[in-house]
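All remarks here apply to the structure that follows.
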Amino acid sequence: MYGIGMVRGMGVTIKHFIGTYVDDLRWFGRRYYNPEAFAVRQSPKAQGVFTVQYPEEKLVTPEEFRYIPFLIYDELEDGTRQDRCTSCGICAKVCPPQCIWIVRSDDPETGRPIPEPAEFFIDVDICMNCGLCSEFCPFEAIRMDNDYEISTYDRLSDNIYNKAKLDKPASYYASIRPRNYAVDEAAIAEKQAKKAAKEAARKQRQQEKNQTSDG
Amino acid sequence: MTDEGTPQVEEAAREPDAMEQQFPGVLTLDERDNFEGYLVPPDKLVEFATQLRDELGYDYLSSVTGVDYLPDERMEVVYHAYRMEGGPAFVFKTQVPRNDPTVPTLVGVWPGADFQEREAWDLLGIRFMGHPNLRRILMWEGFEGHPLRKDWHEAYYEEDSKPFANRWPEGGVYRIEDEVAFGKNVQYPSEFSPDGWTPEGDEGLYAGMGQISTDGNGSELKTDQIVVNLGPQHPSTHGVFRMVVTLDGETVTDLKPVMGYLHRNHEQIGERNTYIMNMPYTDRLDYLASMSNNFGYALAVEKLMGIKPPERAEYIRVMMAELTRIQSHLWSIGFLMNDLGAFQTPALYAITERELILDIFEAVSGSRMMCNYFRFGGLARDLPPGTLQTIRELAFERLPRRIDELDLYLTGNEIVRTRTIGVGVLSAEKAVAFSAGGPVLRASGVPYDVRRAEPYGIYDRFDFDVAVRYGGDVYDRYLIRVDEIRESIKIVQQAVEDIPEGEIQTGKHAFQVRVPAGEAYGRVENPKGELGFYVVSNGKPNPWRYHIRAPSFINLTALGEMCKGHKVADVVAILGSIDIVLGEVDR
């Protein structure tokens, strides 16, 4: 019969329409503004209206979510900050749109370059959030942020981030990406252990050398 | 022909192979290291191409592109042809001097060469003699130069290749727009005045269309044909795309697509980039299918490097590519219904399911659409915990149910059927001749799928059918996408069951990869059709040539053919059924 297909289609639409109310009943009116219900509503078990009441509700970003890089510094016990970045330039070399500018610093006495950036710029207008800088950083120093609400009034003055704006403590990174942070910490610990072992071996060699020269 | 002496001398020392014996004096094996295919002299090109099509059965010309070998002062045109039964490509090339690159056109042999030859003319300045409509296609008329030539520099030119030296260690930050001010960022020919310019390209465009006749058709009513521009700003074009339509009443008598509004010379950017830098750029081609774009590019470069990803990475790649196909087809169906006038309801139902797949992409790669997930010889990272379970829930429970539901409310709908059945018919012969790809080709009754014809990755292990429909109309192009979603779900189910534990990267995860000199063509079955990456390396950190065989772009070649004789409203539906993405059309 002509029109039966349309009626069937209407049936599906009505089912979708009623689905929201069924889901509402299931949550006893706590379908909205409730993290538990929200998690279900955005999962493969979702039923009924799917939309998110942004900005009152926000999607929970997964750990890997990446948006604009930042630089990590460690907070030492005496309260000073230590940059992890050594200004090796790998991030600037791998950056596809070439939006990273790094100024290396020189030792004021000897004039030789030291492993610390004097300045670090990222033009976030150009940054494409690909995450390659963080992926290939050998010092766990540049990492992707997850704050996507970064609109400003003036792109000319506000959108070239300098080092002061990019610097964030390691604890911040731990708070946004606990799993990746743990991986990084393990890598750093491993490097330090290697370095310590090397140092010990060197000292031992030195000692042996001294002994032989003494003897 | 500067080069013709060299291969012939070498040929004397070498036994000619079967193909060379079959075509003596026509074919010469391309003997450069890591290059494949044969060289054909330009004056024998058309004759050879006809024989290749008619006698050897290579009836499908997939890709035509040019390469500018600046140091050798020559241009090369590279052709990839296939048999519709499957199997590898037959690659042939023709070389011409760079100062006068003139090649006979192959539009007469394969009409699908039309847009691709125009593109090669536009970007590389290779003249195709006898081409019926050799005008610029991506750049605008009045543009100076051919931007893919190696000695052409863009307005914001900094250096020939990245990384740019001034980023590190000097770091004097600046914006290139400040250096090259607005108004100075466009290059004109010296005699050109932008204010006094009338787009003569458009006159040429209109003149090339059906001759305007007012009588002589026997009807008493005197009618005029009128030319109507659909787009570039028109909701039905899914972006900035223009169709110049000649109408007789409401009936379309001719249609010419005009594109390039989103052109950014992706290929030139790609040739400035290092290999790894291109990965995120491929996301931006067909931005609905970034994972499978990554796949094609990774395949091409892996071919050159001679590496293969480990098992687990292969499985993840297939899962991601198939999930991409599902979400891309869902989107396409939803918006085809929008084009037909079923505003937003089917589109939003489709988007709901798509969102769930994008959530997986986001969890895996960090971004919903610009995934940048594949690496040469592996992947950026392993699946995070819990993701496999989500994919399982989707593939085994939710998606099959939702696709059945979609089938239930759309396939039988009388309005959908009336609007789509018999509209925009493309016959199998024409689909092949016009180099149509993907769902457009298969809906016309040609069961050609790269995953079967020349399996890449681990597609030979999966049990799935190549969906095929025989009507060739808009309805079948809708149905084929539903079929393909079902097949993709089958593949994802198998992959989820079989995925092994293990490494996800072959070799070191390095930011600078060593790619040996040579050429490679990596092709994948993208949701829109065959996506090919033609990469030529000269051993340096940047590709010498980086070309994309863009399925949406080439599928448009047949658009005019499909629309003739239909009503204006059907044009919108036909365009929707081809499913183009302008990021890929315009590149």
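All residue names refer to the structure tokens as shown: chains lettered A, B, ... in order, residues numbered from 1 in each chain, ligands numbered from 1 in order.
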- Test item: chain A residues at most 9 Å from chain B, counting only C-alpha atoms, as an MDAnalysis selection string: chainID A and resid 2:13 42:45 50:51 61:67 87:90 92:104 119:123 128:132 135:136 160
- Query: Got a sec to tell me which of region 313-562 of chain B DSSP assigns to helix (DSSP H, G or I), as a PyMOL selection string?
  - Reply: chain B and resi 313-340+345-365+387-411+414-420+428-433+439-443+450-453+459-461+474-498+551-562
- region 142-153 of chain A: which residues within 8 Å, counting only C-alpha atoms, same-chain residues fewer than 3 positions away excluded, as a ChimeraX atom specification? /A:61,65-72,85,131,133-134,137,158-159,176
- DSSP strand (DSSP E or B) residues within region 83-289 of chain B, as a PyMOL selection string: chain B and resi 90-97+102-104+127-129+225-230+233-234+239-240+242-248+251-258
- Tell me which protein, DNA and RNA residues are within 6 Å of region 59-69 of chain B, counting only C-alpha atoms, leaving out same-chain ones fewer than 5 positions away, and put them as a PyMOL selection string. chain B and resi 53+74-83+116+120+432
- Task: Grab the CA of Ile114 (chain A) to CA of Ala186 (chain A) distance for me, in Å with one decimal place.
- Result: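 Separating CA of Ile114 (chain A) from CA of Ala186 (chain A) is a distance of 25.7 Å.
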- Could you tell me how far CA of Trp152 (chain B) lies from CA of Asn265 (chain B), in Å and to one decimal?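 Pair CA of Trp152 (chain B) / CA of Asn265 (chain B) returns 12.1 Å.
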Give me, as an mmCIF file with all heavy atoms, in the first residue's frame, all polymer residues having an atom no more than 9 Å from Gly539 (chain B), counting only C-alpha atoms and skipping those fewer than 6 positions away in the same chain.
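Writing the result to result-v1.cif gives the following:
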```cif
data_model
loop_
_atom_site.group_PDB
_atom_site.id
_atom_site.type_symbol
_atom_site.label_atom_id
_atom_site.label_comp_id
_atom_site.auth_asym_id
_atom_site.auth_seq_id
_atom_site.Cartn_x
_atom_site.Cartn_y
_atom_site.Cartn_z
ATOM 1 N N ARG B 514 64.137 8.080 7.216
ATOM 2 C CA ARG B 514 64.947 8.044 6.004
ATOM 3 C C ARG B 514 64.145 7.328 4.929
ATOM 4 O O ARG B 514 63.811 6.151 5.058
ATOM 5 C CB ARG B 514 66.254 7.297 6.268
ATOM 6 C CG ARG B 514 67.487 8.098 5.869
ATOM 7 C CD ARG B 514 68.717 7.220 5.826
ATOM 8 N NE ARG B 514 68.630 6.213 4.770
ATOM 9 C CZ ARG B 514 68.707 6.480 3.463
ATOM 10 N NH1 ARG B 514 68.867 7.712 3.050
ATOM 11 N NH2 ARG B 514 68.625 5.511 2.562
ATOM 12 N N VAL B 515 63.825 8.038 3.880
ATOM 13 C CA VAL B 515 63.037 7.458 2.811
ATOM 14 C C VAL B 515 63.934 7.348 1.578
ATOM 15 O O VAL B 515 64.390 8.364 1.057
ATOM 16 C CB VAL B 515 61.806 8.328 2.492
ATOM 17 C CG1 VAL B 515 60.969 7.695 1.401
ATOM 18 C CG2 VAL B 515 60.964 8.509 3.739
ATOM 19 N N PRO B 516 64.212 6.128 1.123
ATOM 20 C CA PRO B 516 65.090 5.981 -0.031
ATOM 21 C C PRO B 516 64.477 6.583 -1.288
ATOM 22 O O PRO B 516 63.254 6.690 -1.408
ATOM 23 C CB PRO B 516 65.246 4.469 -0.192
ATOM 24 C CG PRO B 516 64.512 3.837 0.917
ATOM 25 C CD PRO B 516 63.700 4.858 1.616
ATOM 26 N N ALA B 517 65.332 6.963 -2.222
ATOM 27 C CA ALA B 517 64.847 7.553 -3.466
ATOM 28 C C ALA B 517 63.991 6.551 -4.224
ATOM 29 O O ALA B 517 64.216 5.344 -4.158
ATOM 30 C CB ALA B 517 66.027 7.985 -4.325
ATOM 31 N N GLY B 518 63.004 7.068 -4.937
ATOM 32 C CA GLY B 518 62.112 6.187 -5.683
ATOM 33 C C GLY B 518 60.719 6.758 -5.716
ATOM 34 O O GLY B 518 60.494 7.905 -5.314
#
```
- Query: CA of Asp483 (chain B) and CA of Ser292 (chain B) are how many Å apart?
  - Reply: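 Computing the Euclidean distance for CA of Asp483 (chain B) and CA of Ser292 (chain B) yields 18.9 Å.
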